[in-house]
Protein chains: 2
Amino acid sequence: MERHEIEAFLALAQELHFRRTAERLHLSSGRISQTIAKLERRIGSPLFERSSRQVRLTEIGRRLYDDIAPHHRAIGEAFARAASAAHVGRDALRVGFLGPATGAVLSRVIGVYRDRHPGLEVRVTMEAPLSNHVGALREGEVDVMATMLPVEEPDLVTGPVLLREGRVLAVPSGHRLAEREHVVLEDLADRTVIHAASPAPAYWQEYHHPSRTPAGRPIHRGPAVDTVQAALTLIGAGLGIAVATAQAGQYFRRPDIVYVPILDGAPADFALVWSAAHESEQIRAFAAAARSLPAR
Amino acid sequence: MERHEIEAFLALAQELHFRRTAERLHLSSGRISQTIAKLERRIGSPLFERSSRQVRLTEIGRRLYDDIAPHHRAIGEAFARAASAAHVGRDALRVGFLGPATGAVLSRVIGVYRDRHPGLEVRVTMEAPLSNHVGALREGEVDVMATMLPVEEPDLVTGPVLLREGRVLAVPSGHRLAEREHVVLEDLADRTVIHAASPAPAYWQEYHHPSRTPAGRPIHRGPAVDTVQAALTLIGAGLGIAVATAQAGQYFRRPDIVYVPILDGAPADFALVWSAAHESEQIRAFAAAARSLPAR
DNA sequence: ATGTCTTACGGAAGACGTAATAATA
DNA sequence: TATTATTACGTCTTCCGTAAGACAT
């Protein structure tokens with residue numbers, strides 16, 4: 001009984017629907033099917049009766065659900081308590097960020113926080129990779145991350161938005177779109193767009209680097225990168241173009257790259273995010289300092 | 001909190017010793033160290049204080065242990081109950097085996113079982129691969145397996161021994177050792193010996209295909225195989241020699257292979273093995289039938 | 001010097017998504 | 001035909017052992 005099997009089983013027992021279960025766990029429905037099938041082979045009996053129209057718990061499945069659900073929850077809570085206890089009396093609040101503009105706003109938040117709480121220390125420890133932007137939170141390397149929404153993870157809390165940025169398209173100077181005053185998403189049709197490397201969740205990829213235009217025409221997935229710098233190198237080499245935030249135009253000015261505003265690009269919101277299990281007084285105070293800043 | 005992390009934590013909290021914990025879980029101590037380190041990073045605090053002389057639980061570690069140990073046990077028991085319930089009223093007892101001689105003894109056991117319980121059906125379903133010889137038990141594909149000891153798995157029960165076999169060395173007919181009346185393990189020194197493919201547990205490999213002679217001289221690990229037939233093909237091609245059981249001399253007679261008895265080889269015991277969680281009345285009856293046979 | 005825990009690295013098991021297939025209404 | 005669950009397959013993550021390193025007795 002692996003964790004992912006138990007969680008798939010419990011979720012399916014509640015949803016009684018493979019597709020909804022898959023969406024809730026951010027997995028594909030095929031995977032849920034295989035995970036449950038494997039569990040049933042090991043148990044030696046079906047846990048669900050399914051037709052293509054209905055899914056129901058069997059007697060053994062119902063009993064198993066009642067037996068393990070409270071214990072599974074209790075274990076989760078025990079880890080949360082341990083994580084919470086671990087962070088009381090921690091010396092410094094460790095903050096991570098994604099992208100240079102976020103870092104700039106962050107220093108203003110830190111200023112307010114330091115004024116209000118002179119005794120408490122803050123350390124900006126690291127810039128996150130584009131892929132796995134919340135990994136450092138999960139690994140316990142930072143306490144708060146200033147990163148790009150959407151973040152739809154049940155174990156993470158989304159705090160105040162620090163910054164809302166427009167979208168630009170980064171293209172090589174010689175590119176056909178480089179002359180334009182602005183573009184729309186439809187202009188991406190059939191082009192090769194650089195995107196974040198794979199550990200990034202699918203919903204995040206799709207939000208920031210859509211695979212289709214609003215009219216439904218395909219956008220080709222180009223090479224995957226971990227940093228904006230790497231993306232720019234590839235763009236300069238003519239290997240693709242990339243959707244970026246307006247801050248790129250200020251912080252990554254280069255002669256071989258042109259940034260063209262995307263009129264209908266979904267806005268990029270940057271917000272504070274932290275682990276629900278690790279939430280502490282210091283984190284709440286830091287979030288409060290962020291909320292007190294004038295909106296930009 | 002993955003299953004392997006929880007189990008490593010609980011075992012280490014009991015043993016307070018990395019090497020012993022590793023042995024208990026059939027893992028390397030380096031792996032235990034990394035698993036615990038990762039867990040501590042995620043929790044955000046050490047769970048153990050360790051010097052190279054002593055390992056102790058921290059306050060947070062102690063609390064976590066007390067919190068999750070009973071729930072972890074409860075979940076394990078719930079799965080065992082489900083597995084047990086799944087197998088009452090099952091139509092046929094599915095039996096697997098390893099090696100043709102085992103299959104032969106098995107048919108005598110089945111004869112006795114059928115005489116005693118005419119209403120109960122038995123199906124010999126499959127021959128197991130040399131690697132992963134108990135995998136079918138864990139996957140729920142068979143109920144009982146007649147296989148080679150040692151089996152040191154906490155979730156499996158070792159039943160009565162069906163057969164004890166001596167050891168032979170399988171060598172190509174032209175081989176220097178082919179002329180010998182018999183050999184000793186020391187003759188394997190510096191030779192290349194074919195062994196079972198990798199999913200087989202390390203203790204099983206070491207028992208059947210030792211990596212050193214009694215005097216400590218190395219025995220080289222040759223190619224890995226899944227079946228005796230595959231091993232013989234490789235031996236015939238001159239790619240190595242293999243330690244086998246005496247039954248091979250009867251069931252796999254070939255002109256290009258010679259079997260030479262190994263005087264001091266550890267005996268190969270074949271026994272019934274089944275899953276503790278799936279133990280049923282039928283399985284106990286089958287084991288009783290095996291015990292009633294005259295020893296060979 | 002020995003026993004202990006940790007770190008670095010290459011290989012392999014399996015979790016995962018995609019896409020084709022089957023079944024039901 | 002539309003919606004659902006299952007199966008087949010190739011990719012990629014990460015778990016794992018090996019072996020070298022660091023530290024203490």
# chains A, B, ... in the order shown; residues from 1 in each chain; ligands from 1

call {"tool": "interface_residues", "arguments": {"of": "chain A", "to": "chain D", "cutoff": "12 Å", "atoms": "only C-alpha atoms (C1' of nucleotides)", "output": "list in words"}}
result
His17, Phe18, Arg19, Arg20, Ser29, Gly30, Arg31, Ile32, Ser33, Gln34, Thr35, Ile36, Ala37, Glu49, Arg50, Ser51, Ser52, Arg53, Gln54, Val55, Ala197, Ser198 and Pro199 of chain A

call {"tool": "interface_residues", "arguments": {"of": "chain C", "to": "chain B", "cutoff": "10 Å", "atoms": "only C-alpha atoms (C1' of nucleotides)", "output": "PyMOL selection string"}}
result
chain C and resi 3-7+12-13

call {"tool": "closest_atom_pairs", "arguments": {"of": "chain B", "to": "chain A", "cutoff": "6 Å", "atoms": "only C-alpha atoms", "output": "CSV"}}
result
residue,atom,partner,partner_atom,distance
B:Glu2,CA,A:Arg3,CA,5.5
B:Arg3,CA,A:Glu2,CA,5.5
B:Arg41,CA,A:Gly140,CA,5.1
B:Arg42,CA,A:Gly140,CA,4.6
B:Ile43,CA,A:Ala83,CA,4.5
B:Gly44,CA,A:Gly140,CA,5.5
B:Ser45,CA,A:Ala86,CA,5.2
B:Asp67,CA,A:Ala78,CA,6.0
B:Ile68,CA,A:Ile75,CA,5.4
B:His71,CA,A:His71,CA,5.1
B:Ile75,CA,A:Ile68,CA,5.4
B:Ala78,CA,A:Asp67,CA,6.0
B:Ala83,CA,A:Ile43,CA,4.5
B:Ala86,CA,A:Ser45,CA,5.2
B:Glu139,CA,A:Arg42,CA,4.8
B:Gly140,CA,A:Arg42,CA,4.7

call {"tool": "select_by_dssp", "arguments": {"residues": "range 39-152 of chain A", "states": "helix (DSSP H, G or I)", "output": "number ranges by chain"}}
result
A: 39-43, 59-87, 100-116, 135-138

call {"tool": "closest_residue", "arguments": {"among": "A:Pro154, A:Ile219, A:Ile283, A:Ala231", "to": "Arg94 in chain A", "atoms": "only C-alpha atoms"}}
result
A:Ile283

call {"tool": "select_by_dssp", "arguments": {"residues": "range 92-292 of chain A", "states": "strand (DSSP E or B)", "output": "NGL selection string"}}
result
:A and (92-97 or 121-127 or 144-148 or 156-165 or 167-172 or 183 or 192-196 or 212 or 218 or 220-225 or 241-245 or 257-262 or 268-275)

call {"tool": "write_last_selection", "arguments": {"atoms": "C-alpha atoms", "output": "short mmCIF file (atom, residue, chain, number, x, y, z; two decimals), in the first residue's frame"}}
result
data_model
loop_
_atom_site.label_atom_id
_atom_site.label_comp_id
_atom_site.auth_asym_id
_atom_site.auth_seq_id
_atom_site.Cartn_x
_atom_site.Cartn_y
_atom_site.Cartn_z
CA ALA A 92 15.22 33.35 10.28
CA LEU A 93 12.38 33.39 7.77
CA ARG A 94 13.76 31.99 4.52
CA VAL A 95 12.20 33.52 1.42
CA GLY A 96 12.57 32.36 -2.16
CA PHE A 97 11.42 34.06 -5.35
CA GLU A 121 15.40 37.98 10.80
CA VAL A 122 14.67 37.45 7.09
CA ARG A 123 16.91 35.80 4.52
CA VAL A 124 16.23 35.81 0.80
CA THR A 125 17.85 32.53 0.03
CA MET A 126 17.24 31.47 -3.51
CA GLU A 127 15.77 32.01 -6.91
CA VAL A 144 7.81 31.39 1.77
CA MET A 145 8.06 31.62 -1.98
CA ALA A 146 7.12 34.62 -4.12
CA THR A 147 6.09 32.95 -7.33
CA MET A 148 3.73 32.94 -10.28
CA LEU A 156 0.10 24.90 -0.24
CA VAL A 157 -1.52 28.20 0.74
CA THR A 158 -1.77 31.08 -1.74
CA GLY A 159 -1.29 34.42 -0.01
CA PRO A 160 -1.50 38.05 -1.16
CA VAL A 161 -0.69 39.00 -4.74
CA LEU A 162 2.44 41.16 -4.91
CA LEU A 163 2.47 42.08 -8.54
CA ARG A 164 0.42 41.70 -11.71
CA GLU A 165 2.36 41.75 -14.92
CA ARG A 167 2.67 39.52 -21.16
CA VAL A 168 5.29 40.04 -23.81
CA LEU A 169 6.52 37.84 -26.60
CA ALA A 170 10.30 37.42 -26.76
CA VAL A 171 11.49 37.04 -30.38
CA PRO A 172 14.85 37.36 -32.15
CA VAL A 183 0.64 40.84 -31.05
CA THR A 192 7.47 26.90 -31.79
CA VAL A 193 7.30 28.25 -28.26
CA ILE A 194 9.88 27.55 -25.54
CA HIS A 195 8.37 26.36 -22.26
CA ALA A 196 9.27 25.37 -18.68
CA ARG A 212 -3.56 26.07 -28.49
CA PRO A 218 -1.94 24.39 -32.28
CA HIS A 220 4.17 23.77 -30.94
CA ARG A 221 6.12 22.97 -27.79
CA GLY A 222 9.75 23.84 -28.33
CA PRO A 223 12.76 23.13 -26.09
CA ALA A 224 12.26 23.16 -22.32
CA VAL A 225 14.27 25.46 -20.04
CA ILE A 241 10.13 32.24 -29.28
CA ALA A 242 8.79 32.54 -25.74
CA VAL A 243 5.95 34.05 -23.75
CA ALA A 244 7.37 36.09 -20.87
CA THR A 245 6.21 38.70 -18.39
CA ILE A 257 16.02 39.98 -28.50
CA VAL A 258 12.88 42.08 -28.97
CA TYR A 259 9.91 42.07 -26.59
CA VAL A 260 6.48 42.66 -28.13
CA PRO A 261 3.45 43.14 -25.87
CA ILE A 262 0.74 40.46 -26.13
CA ALA A 268 0.74 36.89 -14.66
CA ASP A 269 0.05 37.26 -10.95
CA PHE A 270 2.94 36.92 -8.53
CA ALA A 271 1.92 35.99 -5.00
CA LEU A 272 3.31 34.72 -1.73
CA VAL A 273 2.87 30.96 -1.35
CA TRP A 274 3.74 28.76 1.61
CA SER A 275 3.21 25.27 2.94
#

call {"tool": "atom_distance", "arguments": {"atom1": "CA of His208 in chain B", "atom2": "CA of Gly265 in chain B"}}
result
9.0 Å

call {"tool": "atom_distance", "arguments": {"atom1": "CA of Glu186 in chain B", "atom2": "CA of Asp256 in chain B"}}
result
23.9 Å

call {"tool": "closest_residue", "arguments": {"among": "B:Gly236, B:Pro294, B:Gly249, B:Gly99", "to": "Gly174 in chain B", "atoms": "only C-alpha atoms"}}
result
B:Gly236

call {"tool": "residues_around", "arguments": {"residues": "Ala11 in chain B", "least_positions_apart": "3", "cutoff": "8 Å", "atoms": "only C-alpha atoms (C1' of nucleotides)", "output": "ChimeraX atom specification"}}
result
/B:7-8,14-15,21,24

call {"tool": "write_last_selection", "arguments": {"atoms": "C-alpha atoms", "output": "short mmCIF file (atom, residue, chain, number, x, y, z; two decimals), in the first residue's frame"}}
result
data_model
loop_
_atom_site.label_atom_id
_atom_site.label_comp_id
_atom_site.auth_asym_id
_atom_site.auth_seq_id
_atom_site.Cartn_x
_atom_site.Cartn_y
_atom_site.Cartn_z
CA GLU B 7 8.61 2.65 7.41
CA ALA B 8 12.24 3.77 7.48
CA GLN B 14 12.87 1.45 17.14
CA GLU B 15 16.36 0.29 16.26
CA THR B 21 17.47 -0.63 10.34
CA ARG B 24 15.66 -5.20 8.86
#

call {"tool": "residues_around", "arguments": {"residues": "Ser28 in chain A", "least_positions_apart": "5", "cutoff": "8 Å", "atoms": "only C-alpha atoms (C1' of nucleotides)", "output": "count of residues only"}}
result
4

call {"tool": "residues_around", "arguments": {"residues": "Arg114 in chain B", "least_positions_apart": "3", "cutoff": "12 Å", "atoms": "only C-alpha atoms (C1' of nucleotides)", "output": "compact mmCIF listing (two decimals) with C-alpha atoms, in the first residue's frame"}}
result
# COMPACT_ATOMS: atom_id res chain seq x y z
CA ALA B 92 -9.81 -22.42 -6.72
CA LEU B 93 -6.48 -22.45 -4.94
CA SER B 107 1.63 -32.97 -8.02
CA ARG B 108 1.93 -35.47 -5.18
CA VAL B 109 0.83 -32.80 -2.70
CA ILE B 110 -2.09 -31.95 -4.91
CA GLY B 111 -3.05 -35.63 -5.03
CA HIS B 117 -10.98 -32.25 0.15
CA PRO B 118 -12.80 -33.45 -2.94
CA GLY B 119 -14.91 -30.30 -3.07
CA LEU B 120 -11.96 -27.90 -3.34
CA GLU B 121 -10.35 -27.08 -6.64
CA VAL B 122 -6.63 -26.54 -7.26
CA ARG B 123 -5.01 -24.95 -10.27
CA GLN B 282 -7.54 -23.72 1.91
CA ALA B 285 -5.13 -27.43 4.33
CA PHE B 286 -2.75 -27.49 1.38
CA ALA B 289 -1.24 -32.10 2.88
CA ALA B 290 2.39 -31.25 2.10

call {"tool": "atom_distance", "arguments": {"atom1": "CA of Pro210 in chain A", "atom2": "CA of Leu149 in chain A"}}
result
14.6 Å
